[in-house]
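J.: PDB, C-alpha atoms, pLDDT in the B column, file query_32.pdb:
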```
ATOM      1  CA  MET N   4      10.174  -9.835  -4.295  1.00 54.00           C
ATOM      2  CA  GLU N   5      11.652  -6.833  -2.509  1.00 67.00           C
ATOM      3  CA  ASP N   6      11.281  -4.632  -5.599  1.00 88.00           C
ATOM      4  CA  PHE N   7       7.588  -5.516  -5.737  1.00 91.00           C
ATOM      5  CA  ASN N   8       7.158  -4.510  -2.111  1.00 93.00           C
ATOM      6  CA  LYS N   9       8.993  -1.236  -2.730  1.00 94.00           C
ATOM      7  CA  GLU N  10       6.758  -0.379  -5.656  1.00 95.00           C
ATOM      8  CA  LEU N  11       3.599  -1.314  -3.771  1.00 96.00           C
ATOM      9  CA  GLY N  12       4.730   0.778  -0.807  1.00 97.00           C
ATOM     10  CA  LYS N  13       5.312   3.777  -3.087  1.00 97.00           C
ATOM     11  CA  ARG N  14       1.875   3.370  -4.612  1.00 97.00           C
ATOM     12  CA  ILE N  15       0.204   3.152  -1.208  1.00 98.00           C
ATOM     13  CA  ARG N  16       2.064   6.262  -0.004  1.00 98.00           C
ATOM     14  CA  ARG N  17       1.167   8.160  -3.190  1.00 98.00           C
ATOM     15  CA  ARG N  18      -2.510   7.235  -2.901  1.00 98.00           C
ATOM     16  CA  ARG N  19      -2.554   8.081   0.826  1.00 98.00           C
ATOM     17  CA  LYS N  20      -1.226  11.543   0.065  1.00 98.00           C
ATOM     18  CA  GLU N  21      -3.672  11.979  -2.846  1.00 97.00           C
ATOM     19  CA  VAL N  22      -6.608  11.437  -0.500  1.00 98.00           C
ATOM     20  CA  GLY N  23      -5.017  13.625   2.178  1.00 98.00           C
ATOM     21  CA  LEU N  24      -4.438  11.074   4.922  1.00 98.00           C
ATOM     22  CA  SER N  25      -1.602  10.776   7.393  1.00 98.00           C
ATOM     23  CA  GLN N  26      -0.192   7.344   8.168  1.00 97.00           C
ATOM     24  CA  GLU N  27      -2.004   7.462  11.490  1.00 98.00           C
ATOM     25  CA  GLU N  28      -5.334   8.319   9.870  1.00 98.00           C
ATOM     26  CA  LEU N  29      -4.918   5.549   7.313  1.00 98.00           C
ATOM     27  CA  ALA N  30      -4.031   3.075  10.043  1.00 98.00           C
ATOM     28  CA  LEU N  31      -7.107   4.007  12.069  1.00 98.00           C
ATOM     29  CA  MET N  32      -9.392   3.692   9.057  1.00 98.00           C
ATOM     30  CA  ALA N  33      -7.869   0.330   8.064  1.00 97.00           C
ATOM     31  CA  ASP N  34      -7.791  -0.908  11.681  1.00 97.00           C
ATOM     32  CA  ILE N  35      -4.065  -1.612  11.639  1.00 97.00           C
ATOM     33  CA  ASP N  36      -1.114  -0.197  13.575  1.00 96.00           C
ATOM     34  CA  ARG N  37       0.446   3.051  12.332  1.00 95.00           C
ATOM     35  CA  SER N  38       3.934   1.572  12.462  1.00 96.00           C
ATOM     36  CA  TYR N  39       2.695  -1.247  10.224  1.00 97.00           C
ATOM     37  CA  VAL N  40       1.574   1.305   7.611  1.00 98.00           C
ATOM     38  CA  GLY N  41       5.019   2.887   7.744  1.00 97.00           C
ATOM     39  CA  GLY N  42       6.621  -0.531   7.361  1.00 97.00           C
ATOM     40  CA  ILE N  43       4.514  -1.272   4.298  1.00 97.00           C
ATOM     41  CA  GLU N  44       5.367   2.074   2.713  1.00 97.00           C
ATOM     42  CA  ARG N  45       9.094   1.505   3.346  1.00 96.00           C
ATOM     43  CA  ALA N  46       8.863  -2.111   2.098  1.00 95.00           C
ATOM     44  CA  ASP N  47       9.921  -3.425   5.508  1.00 95.00           C
ATOM     45  CA  ARG N  48       6.686  -5.437   5.651  1.00 94.00           C
ATOM     46  CA  ASN N  49       5.202  -7.935   3.240  1.00 92.00           C
ATOM     47  CA  VAL N  50       1.526  -6.975   3.139  1.00 94.00           C
ATOM     48  CA  SER N  51      -1.096  -9.728   3.164  1.00 95.00           C
ATOM     49  CA  PHE N  52      -4.039  -9.659   0.801  1.00 96.00           C
ATOM     50  CA  SER N  53      -6.515  -9.013   3.622  1.00 97.00           C
ATOM     51  CA  ILE N  54      -4.489  -6.024   4.868  1.00 97.00           C
ATOM     52  CA  LEU N  55      -4.180  -4.748   1.300  1.00 98.00           C
ATOM     53  CA  CYS N  56      -7.973  -4.936   0.997  1.00 98.00           C
ATOM     54  CA  LYS N  57      -8.400  -2.981   4.256  1.00 98.00           C
ATOM     55  CA  LEU N  58      -5.975  -0.339   3.006  1.00 98.00           C
ATOM     56  CA  CYS N  59      -7.822  -0.081  -0.299  1.00 98.00           C
ATOM     57  CA  LEU N  60     -11.145   0.445   1.486  1.00 97.00           C
ATOM     58  CA  ALA N  61      -9.588   3.259   3.512  1.00 98.00           C
ATOM     59  CA  LEU N  62      -7.890   4.713   0.416  1.00 98.00           C
ATOM     60  CA  ARG N  63     -11.138   4.519  -1.593  1.00 97.00           C
ATOM     61  CA  CYS N  64      -9.633   2.461  -4.396  1.00 97.00           C
ATOM     62  CA  ASP N  65      -9.629  -1.145  -5.505  1.00 96.00           C
ATOM     63  CA  VAL N  66      -6.729  -3.555  -5.273  1.00 97.00           C
ATOM     64  CA  ALA N  67      -6.144  -3.323  -9.026  1.00 96.00           C
ATOM     65  CA  THR N  68      -5.434   0.403  -8.706  1.00 94.00           C
ATOM     66  CA  LEU N  69      -2.445  -0.333  -6.479  1.00 96.00           C
ATOM     67  CA  THR N  70      -1.253  -3.525  -8.144  1.00 95.00           C
ATOM     68  CA  LYS N  71      -1.715  -2.926 -11.883  1.00 94.00           C
ATOM     69  CA  ASP N  72       1.367  -4.164 -13.766  1.00 88.00           C
ATOM     70  CA  LEU N  73       2.905  -5.461 -10.557  1.00 88.00           C
ATOM     71  CA  PRO N  74       4.860  -7.527 -11.300  1.00 80.00           C
ATOM     72  CA  PRO N  75       5.458  -6.376 -14.866  1.00 74.00           C
ATOM     73  CA  VAL N  76       4.460  -8.949 -17.447  1.00 69.00           C
ATOM     74  CA  TYR N  77       6.960  -9.537 -20.218  1.00 68.00           C
ATOM     75  CA  HIS N  78       5.661 -10.918 -23.494  1.00 56.00           C
TER      76      HIS N  78
END
```
Once more with this new file: its structure as structure tokens, please.
T.:
Amino acid sequence: MEDFNKELGKRIRRRRKEVGLSQEELALMADIDRSYVGGIERADRNVSFSILCKLCLALRCDVATLTKDLPPVYH
């Protein structure tokens, strides 16, 4: 599970930087604590679906954008 959280955190950080937001700005827009955003990006926190949805609204993307192929599906 930890690897999934690490990858999701990287994707959130990448998207945040793409849209030009600081962690504090993202936190304000998503109505969550800035330290929580940092914890998600570092994979110290296991993000809930509702928080992920709030982050996606602030990042102007859908959940699928951040979670595609996570976890990888092996055929």
J.: Please list as a PDB file with C-alpha atoms, keeping the file's coordinate frame every residue within 8 Å of N:Ala61, counting only C-alpha atoms and excluding residues in the same chain fewer than 2 positions away.
T.:
```pdb
ATOM      1  CA  LEU N  29      -4.918   5.549   7.313  1.00 98.00           C
ATOM      2  CA  MET N  32      -9.392   3.692   9.057  1.00 98.00           C
ATOM      3  CA  ALA N  33      -7.869   0.330   8.064  1.00 97.00           C
ATOM      4  CA  LYS N  57      -8.400  -2.981   4.256  1.00 98.00           C
ATOM      5  CA  LEU N  58      -5.975  -0.339   3.006  1.00 98.00           C
ATOM      6  CA  CYS N  59      -7.822  -0.081  -0.299  1.00 98.00           C
ATOM      7  CA  ARG N  63     -11.138   4.519  -1.593  1.00 97.00           C
ATOM      8  CA  CYS N  64      -9.633   2.461  -4.396  1.00 97.00           C
TER       9      CYS N  64
END
```
J.: Which residues, written as number ranges by chain, have at least one atom at most 8 Å from stretch 39-52 of chain N, with all atoms listed in the file counted and residues fewer than 4 positions away on the same chain left out?
T.: N: 5, 8-9, 11-13, 15-16, 26, 29-30, 35, 56
J.: If I take atom CA of N:Arg37 and atom CA of N:Ala67, how far is one from the other in Å, to one decimal?
T.: 23.2 Å
J.: I need the residue nearest N:Ser25 from this list: N:Leu60, N:Ser38, N:Leu69, N:Glu10. Use all atoms listed in the file for the distance.
T.: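 Smallest distance to N:Ser25 is found for N:Ser38.
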J.: Counting only C-alpha atoms, which of N:Asp6, N:Pro75, N:Leu62, N:Thr70 gets nearest to N:Arg18?
T.: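 For N:Arg18, the nearest of the candidates is N:Leu62.
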J.: Report, in Å to a single decimal, how far apart atom CA of N:Asp34 and atom CA of N:Ile54 are.
T.: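 Computing it gives 9.1 Å between the two atoms.
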J.: Could you check how far atom CA of N:Asp72 sits from atom CA of N:Phe7, in Å to one decimal?
T.: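 Here the two named atoms are 10.2 Å from each other.
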